[in-house]
Amino acid sequence: MIALRAAGVTLGYGGTAVLRGVDLEVRPGEVLAVAGRSGCGKSTLLRAFAGLLVPQAGTVLADGAPVRGTAPERALVFQDDALLPWRTARRNVELPLAIRRVPRAQRRARAEEWLARVGLAGHGRRLPGALSGGMRQRVQLARTLAGAPRAVLMDEPFGALDAKTRAAMQRLLLDVLADAPATVVFVTHDVDEALLLGDRVAVLAPDGVRDVLDVPGGRARSGAAAARTRILEALEATCAPNP
């Protein structure tokens with residue numbers, strides 16, 4: 001597990017700032033849900049934590065050290081499953097292990113273990129094209145966690161799934177994190193998803209973090225009405241939706 005921090009981060013594209021002076025701390029081993037309107041810089045912040053983007057001002061830190069590029073300890077999960085279509089499910093899961101030159105027998109065993117943990121035992125030989133959207137997301141989750149990252153950065157990974165599959169993936173993520181803890185930053189525009197998955201919820205706007213609140217009752221809680229109201233009020237005060 002790892003601590004992450006954005007300290008006065010300003011970042012933009014083509015001369016237009018997307019984030020300005022953002023300060024945010026992610027505690028080791030917590031799930032921090034980041035909520036905000038479209039266009040408020042949630043994905044941009046996540047890519048800065050991953051080392052894919054370099055701030056124009058401010059610093060991104062991992063365990064107190066400046067982030068200078070990508071690293072296996074910080075794994076990024078996209079909304080699109082991004083599986084290689086010519087590799088089987090098992091070989092997709094093996095990919096980060098192969099890059100690290102883990103011996104073939106060990107990476108195959110670890111891939112099979114993680115496929116079983118996400119409910120895909122027996123599906124390792126299937127190509128992504130033969131899997132449903134929910135199954136492909138399970139493969140992506142297995143691939144991410146098989147590499148034993150210390151931080152998992154998730155960019156609305158369940159946003160394209162139907163409601164039933166999305167709920168199943170949310171439960172699966174909570175179950176997996178109970179067995180294999182990691183620091184997680186989970187970007188979402190769904191307040192209920194943020195409350196379900198997050199230990200804390202940060203409400204982001206381009207000019208900074210508007211609010212950070214602890215979610216009462218721990219993960220998978222119920223009855224967080226007051227927290228939900230506070231998040232919605234903070235969102236209402238942030239940037240307007242894109243036209």
# chains A, B, ... in the order shown; residues from 1 in each chain; ligands from 1
>>> residues_around(residues="A:Leu83", least_positions_apart="4", cutoff="12 Å", atoms="only C-alpha atoms", output="ChimeraX atom specification")
/A:77-79,87-95,127-129,131,133,135-144
>>> write_last_selection(atoms="N, CA, C and O atoms", output="mmCIF file, in the first residue's frame")
data_model
loop_
_atom_site.group_PDB
_atom_site.id
_atom_site.type_symbol
_atom_site.label_atom_id
_atom_site.label_comp_id
_atom_site.auth_asym_id
_atom_site.auth_seq_id
_atom_site.Cartn_x
_atom_site.Cartn_y
_atom_site.Cartn_z
ATOM 1 N N VAL A 77 -6.583 1.609 -14.272
ATOM 2 C CA VAL A 77 -7.674 0.816 -14.838
ATOM 3 C C VAL A 77 -8.623 1.766 -15.547
ATOM 4 O O VAL A 77 -9.178 2.678 -14.933
ATOM 5 N N PHE A 78 -8.837 1.542 -16.850
ATOM 6 C CA PHE A 78 -9.664 2.424 -17.652
ATOM 7 C C PHE A 78 -11.108 1.920 -17.708
ATOM 8 O O PHE A 78 -11.407 0.771 -17.392
ATOM 9 N N GLN A 79 -12.011 2.792 -18.168
ATOM 10 C CA GLN A 79 -13.399 2.377 -18.381
ATOM 11 C C GLN A 79 -13.465 1.325 -19.472
ATOM 12 O O GLN A 79 -14.171 0.323 -19.349
ATOM 13 N N ARG A 87 -4.953 -12.116 -27.448
ATOM 14 C CA ARG A 87 -4.475 -12.920 -26.325
ATOM 15 C C ARG A 87 -5.665 -13.468 -25.553
ATOM 16 O O ARG A 87 -6.663 -12.774 -25.345
ATOM 17 N N THR A 88 -5.560 -14.695 -25.107
ATOM 18 C CA THR A 88 -6.627 -15.281 -24.304
ATOM 19 C C THR A 88 -6.753 -14.531 -22.979
ATOM 20 O O THR A 88 -5.890 -13.728 -22.609
ATOM 21 N N ALA A 89 -7.831 -14.818 -22.254
ATOM 22 C CA ALA A 89 -8.022 -14.176 -20.958
ATOM 23 C C ALA A 89 -6.824 -14.429 -20.051
ATOM 24 O O ALA A 89 -6.315 -13.503 -19.401
ATOM 25 N N ARG A 90 -6.368 -15.673 -19.999
ATOM 26 C CA ARG A 90 -5.225 -15.989 -19.127
ATOM 27 C C ARG A 90 -3.977 -15.243 -19.568
ATOM 28 O O ARG A 90 -3.249 -14.688 -18.735
ATOM 29 N N ARG A 91 -3.727 -15.179 -20.849
ATOM 30 C CA ARG A 91 -2.514 -14.505 -21.324
ATOM 31 C C ARG A 91 -2.617 -12.981 -21.155
ATOM 32 O O ARG A 91 -1.598 -12.312 -21.002
ATOM 33 N N ASN A 92 -3.819 -12.439 -21.177
ATOM 34 C CA ASN A 92 -3.972 -11.028 -20.845
ATOM 35 C C ASN A 92 -3.605 -10.782 -19.391
ATOM 36 O O ASN A 92 -2.926 -9.806 -19.064
ATOM 37 N N VAL A 93 -4.056 -11.664 -18.501
ATOM 38 C CA VAL A 93 -3.736 -11.515 -17.086
ATOM 39 C C VAL A 93 -2.232 -11.678 -16.851
ATOM 40 O O VAL A 93 -1.639 -11.025 -15.984
ATOM 41 N N GLU A 94 -1.600 -12.520 -17.631
ATOM 42 C CA GLU A 94 -0.160 -12.761 -17.494
ATOM 43 C C GLU A 94 0.685 -11.572 -17.931
ATOM 44 O O GLU A 94 1.864 -11.482 -17.564
ATOM 45 N N LEU A 95 0.107 -10.655 -18.715
ATOM 46 C CA LEU A 95 0.913 -9.637 -19.388
ATOM 47 C C LEU A 95 1.819 -8.836 -18.456
ATOM 48 O O LEU A 95 3.025 -8.713 -18.722
ATOM 49 N N LEU A 127 -10.943 -15.971 -25.816
ATOM 50 C CA LEU A 127 -10.498 -14.662 -26.277
ATOM 51 C C LEU A 127 -11.472 -13.589 -25.796
ATOM 52 O O LEU A 127 -12.651 -13.866 -25.556
ATOM 53 N N PRO A 128 -11.014 -12.342 -25.665
ATOM 54 C CA PRO A 128 -11.895 -11.279 -25.187
ATOM 55 C C PRO A 128 -13.185 -11.136 -25.991
ATOM 56 O O PRO A 128 -14.239 -10.819 -25.432
ATOM 57 N N GLY A 129 -13.108 -11.372 -27.302
ATOM 58 C CA GLY A 129 -14.288 -11.242 -28.142
ATOM 59 C C GLY A 129 -15.387 -12.229 -27.808
ATOM 60 O O GLY A 129 -16.546 -12.025 -28.194
ATOM 61 N N LEU A 131 -16.179 -12.973 -24.681
ATOM 62 C CA LEU A 131 -16.586 -12.684 -23.303
ATOM 63 C C LEU A 131 -17.559 -11.505 -23.277
ATOM 64 O O LEU A 131 -17.492 -10.604 -24.117
ATOM 65 N N GLY A 133 -19.225 -7.986 -21.530
ATOM 66 C CA GLY A 133 -18.566 -6.795 -20.999
ATOM 67 C C GLY A 133 -18.154 -6.964 -19.550
ATOM 68 O O GLY A 133 -17.054 -6.570 -19.157
ATOM 69 N N MET A 135 -17.507 -9.779 -18.004
ATOM 70 C CA MET A 135 -16.404 -10.741 -17.925
ATOM 71 C C MET A 135 -15.089 -10.097 -18.335
ATOM 72 O O MET A 135 -14.042 -10.351 -17.728
ATOM 73 N N ARG A 136 -15.123 -9.241 -19.350
ATOM 74 C CA ARG A 136 -13.889 -8.557 -19.755
ATOM 75 C C ARG A 136 -13.389 -7.639 -18.646
ATOM 76 O O ARG A 136 -12.171 -7.540 -18.416
ATOM 77 N N GLN A 137 -14.312 -6.974 -17.941
ATOM 78 C CA GLN A 137 -13.885 -6.140 -16.835
ATOM 79 C C GLN A 137 -13.292 -6.983 -15.703
ATOM 80 O O GLN A 137 -12.371 -6.550 -15.007
ATOM 81 N N ARG A 138 -13.817 -8.172 -15.507
ATOM 82 C CA ARG A 138 -13.235 -9.074 -14.515
ATOM 83 C C ARG A 138 -11.810 -9.464 -14.908
ATOM 84 O O ARG A 138 -10.914 -9.541 -14.064
ATOM 85 N N VAL A 139 -11.605 -9.717 -16.204
ATOM 86 C CA VAL A 139 -10.249 -10.035 -16.682
ATOM 87 C C VAL A 139 -9.327 -8.846 -16.444
ATOM 88 O O VAL A 139 -8.182 -9.003 -15.999
ATOM 89 N N GLN A 140 -9.821 -7.626 -16.734
ATOM 90 C CA GLN A 140 -8.981 -6.449 -16.510
ATOM 91 C C GLN A 140 -8.635 -6.297 -15.031
ATOM 92 O O GLN A 140 -7.488 -5.980 -14.685
ATOM 93 N N LEU A 141 -9.603 -6.545 -14.153
ATOM 94 C CA LEU A 141 -9.327 -6.452 -12.720
ATOM 95 C C LEU A 141 -8.302 -7.507 -12.304
ATOM 96 O O LEU A 141 -7.373 -7.212 -11.531
ATOM 97 N N ALA A 142 -8.454 -8.716 -12.814
ATOM 98 C CA ALA A 142 -7.491 -9.778 -12.509
ATOM 99 C C ALA A 142 -6.098 -9.407 -13.016
ATOM 100 O O ALA A 142 -5.096 -9.615 -12.324
ATOM 101 N N ARG A 143 -6.036 -8.868 -14.231
ATOM 102 C CA ARG A 143 -4.735 -8.473 -14.798
ATOM 103 C C ARG A 143 -4.083 -7.396 -13.939
ATOM 104 O O ARG A 143 -2.867 -7.437 -13.682
ATOM 105 N N THR A 144 -4.872 -6.444 -13.491
ATOM 106 C CA THR A 144 -4.335 -5.364 -12.673
ATOM 107 C C THR A 144 -3.781 -5.882 -11.355
ATOM 108 O O THR A 144 -2.656 -5.565 -10.956
#
>>> residues_around(residues="A:Pro28", least_positions_apart="5", cutoff="6 Å", atoms="only C-alpha atoms", output="ChimeraX atom specification")
/A:1-3,183
>>> atom_distance(atom1="atom CA of A:Ala33", atom2="atom CA of A:Gly14")
27.9 Å
>>> closest_residue(among="A:Val22, A:Leu173, A:Val152, A:Leu120", to="A:Val185", atoms="only C-alpha atoms")
A:Val152
>>> residues_around(residues="stretch 160-162 of chain A", least_positions_apart="3", cutoff="9 Å", atoms="only C-alpha atoms", output="PyMOL selection string")
chain A and resi 79-80+133-134+156-157+165-167
>>> write_last_selection(atoms="C-alpha atoms", output="PDB file, in the first residue's frame")
ATOM      1  CA  GLN A  79     -13.399   2.377 -18.381  1.00  0.00           C
ATOM      2  CA  ASP A  80     -12.583   0.516 -21.594  1.00  0.00           C
ATOM      3  CA  GLY A 133     -18.566  -6.795 -20.999  1.00  0.00           C
ATOM      4  CA  GLY A 134     -18.701  -7.777 -17.347  1.00  0.00           C
ATOM      5  CA  GLU A 156     -14.949   4.903 -14.010  1.00  0.00           C
ATOM      6  CA  PRO A 157     -14.243   1.225 -14.778  1.00  0.00           C
ATOM      7  CA  THR A 165     -23.384  -6.218 -13.970  1.00  0.00           C
ATOM      8  CA  ARG A 166     -22.179  -2.968 -12.441  1.00  0.00           C
ATOM      9  CA  ALA A 167     -23.553  -3.929  -9.030  1.00  0.00           C
TER      10      ALA A 167
END
>>> select_by_dssp(residues="stretch 59-177 of chain A", states="strand (DSSP E or B)", output="PyMOL selection string")
chain A and resi 59-62+65-66+74-77+151-155
>>> write_last_selection(atoms="N, CA, C and O atoms", output="PDB file, in the first residue's frame")
ATOM      1  N   THR A  59       3.241  19.397  -7.409  1.00  0.00           N
ATOM      2  CA  THR A  59       3.947  18.122  -7.384  1.00  0.00           C
ATOM      3  C   THR A  59       2.972  17.002  -7.071  1.00  0.00           C
ATOM      4  O   THR A  59       2.051  17.167  -6.276  1.00  0.00           O
ATOM      5  N   VAL A  60       3.203  15.852  -7.691  1.00  0.00           N
ATOM      6  CA  VAL A  60       2.504  14.621  -7.343  1.00  0.00           C
ATOM      7  C   VAL A  60       3.500  13.724  -6.621  1.00  0.00           C
ATOM      8  O   VAL A  60       4.622  13.508  -7.105  1.00  0.00           O
ATOM      9  N   LEU A  61       3.099  13.200  -5.463  1.00  0.00           N
ATOM     10  CA  LEU A  61       4.001  12.431  -4.616  1.00  0.00           C
ATOM     11  C   LEU A  61       3.451  11.035  -4.367  1.00  0.00           C
ATOM     12  O   LEU A  61       2.239  10.849  -4.216  1.00  0.00           O
ATOM     13  N   ALA A  62       4.350  10.063  -4.329  1.00  0.00           N
ATOM     14  CA  ALA A  62       4.033   8.701  -3.910  1.00  0.00           C
ATOM     15  C   ALA A  62       4.953   8.346  -2.767  1.00  0.00           C
ATOM     16  O   ALA A  62       6.178   8.313  -2.938  1.00  0.00           O
ATOM     17  N   ALA A  65       7.796  10.808  -2.294  1.00  0.00           N
ATOM     18  CA  ALA A  65       8.763  11.026  -3.368  1.00  0.00           C
ATOM     19  C   ALA A  65       8.038  11.510  -4.622  1.00  0.00           C
ATOM     20  O   ALA A  65       6.956  11.012  -4.946  1.00  0.00           O
ATOM     21  N   PRO A  66       8.608  12.467  -5.354  1.00  0.00           N
ATOM     22  CA  PRO A  66       7.957  12.957  -6.567  1.00  0.00           C
ATOM     23  C   PRO A  66       7.741  11.837  -7.592  1.00  0.00           C
ATOM     24  O   PRO A  66       8.612  10.989  -7.804  1.00  0.00           O
ATOM     25  N   ARG A  74       1.881   1.513  -9.400  1.00  0.00           N
ATOM     26  CA  ARG A  74       0.691   2.338  -9.580  1.00  0.00           C
ATOM     27  C   ARG A  74      -0.005   1.909 -10.867  1.00  0.00           C
ATOM     28  O   ARG A  74       0.407   2.284 -11.962  1.00  0.00           O
ATOM     29  N   ALA A  75      -1.052   1.100 -10.728  1.00  0.00           N
ATOM     30  CA  ALA A  75      -1.728   0.520 -11.889  1.00  0.00           C
ATOM     31  C   ALA A  75      -2.980   1.314 -12.218  1.00  0.00           C
ATOM     32  O   ALA A  75      -3.776   1.644 -11.333  1.00  0.00           O
ATOM     33  N   LEU A  76      -3.158   1.607 -13.514  1.00  0.00           N
ATOM     34  CA  LEU A  76      -4.298   2.397 -13.973  1.00  0.00           C
ATOM     35  C   LEU A  76      -5.309   1.488 -14.668  1.00  0.00           C
ATOM     36  O   LEU A  76      -4.947   0.676 -15.526  1.00  0.00           O
ATOM     37  N   VAL A  77      -6.583   1.609 -14.272  1.00  0.00           N
ATOM     38  CA  VAL A  77      -7.674   0.816 -14.838  1.00  0.00           C
ATOM     39  C   VAL A  77      -8.623   1.766 -15.547  1.00  0.00           C
ATOM     40  O   VAL A  77      -9.178   2.678 -14.933  1.00  0.00           O
ATOM     41  N   ALA A 151      -0.883   0.654  -5.482  1.00  0.00           N
ATOM     42  CA  ALA A 151      -1.981   1.591  -5.677  1.00  0.00           C
ATOM     43  C   ALA A 151      -2.701   1.236  -6.963  1.00  0.00           C
ATOM     44  O   ALA A 151      -2.068   0.923  -7.978  1.00  0.00           O
ATOM     45  N   VAL A 152      -4.032   1.276  -6.920  1.00  0.00           N
ATOM     46  CA  VAL A 152      -4.863   0.990  -8.086  1.00  0.00           C
ATOM     47  C   VAL A 152      -5.672   2.244  -8.382  1.00  0.00           C
ATOM     48  O   VAL A 152      -6.421   2.732  -7.530  1.00  0.00           O
ATOM     49  N   LEU A 153      -5.533   2.757  -9.598  1.00  0.00           N
ATOM     50  CA  LEU A 153      -6.165   4.001 -10.020  1.00  0.00           C
ATOM     51  C   LEU A 153      -7.242   3.651 -11.035  1.00  0.00           C
ATOM     52  O   LEU A 153      -6.945   3.205 -12.140  1.00  0.00           O
ATOM     53  N   MET A 154      -8.512   3.862 -10.667  1.00  0.00           N
ATOM     54  CA  MET A 154      -9.634   3.340 -11.448  1.00  0.00           C
ATOM     55  C   MET A 154     -10.452   4.488 -12.019  1.00  0.00           C
ATOM     56  O   MET A 154     -11.013   5.302 -11.282  1.00  0.00           O
ATOM     57  N   ASP A 155     -10.525   4.546 -13.349  1.00  0.00           N
ATOM     58  CA  ASP A 155     -11.189   5.646 -14.046  1.00  0.00           C
ATOM     59  C   ASP A 155     -12.566   5.206 -14.551  1.00  0.00           C
ATOM     60  O   ASP A 155     -12.712   4.765 -15.680  1.00  0.00           O
TER      61      ASP A 155
END
>>> closest_residue(among="A:Ala6, A:Ala148, A:Val18, A:Val184", to="A:Asp207", atoms="only C-alpha atoms")
A:Val18
>>> atom_distance(atom1="atom CA of A:Arg37", atom2="atom CA of A:Arg210")
12.0 Å
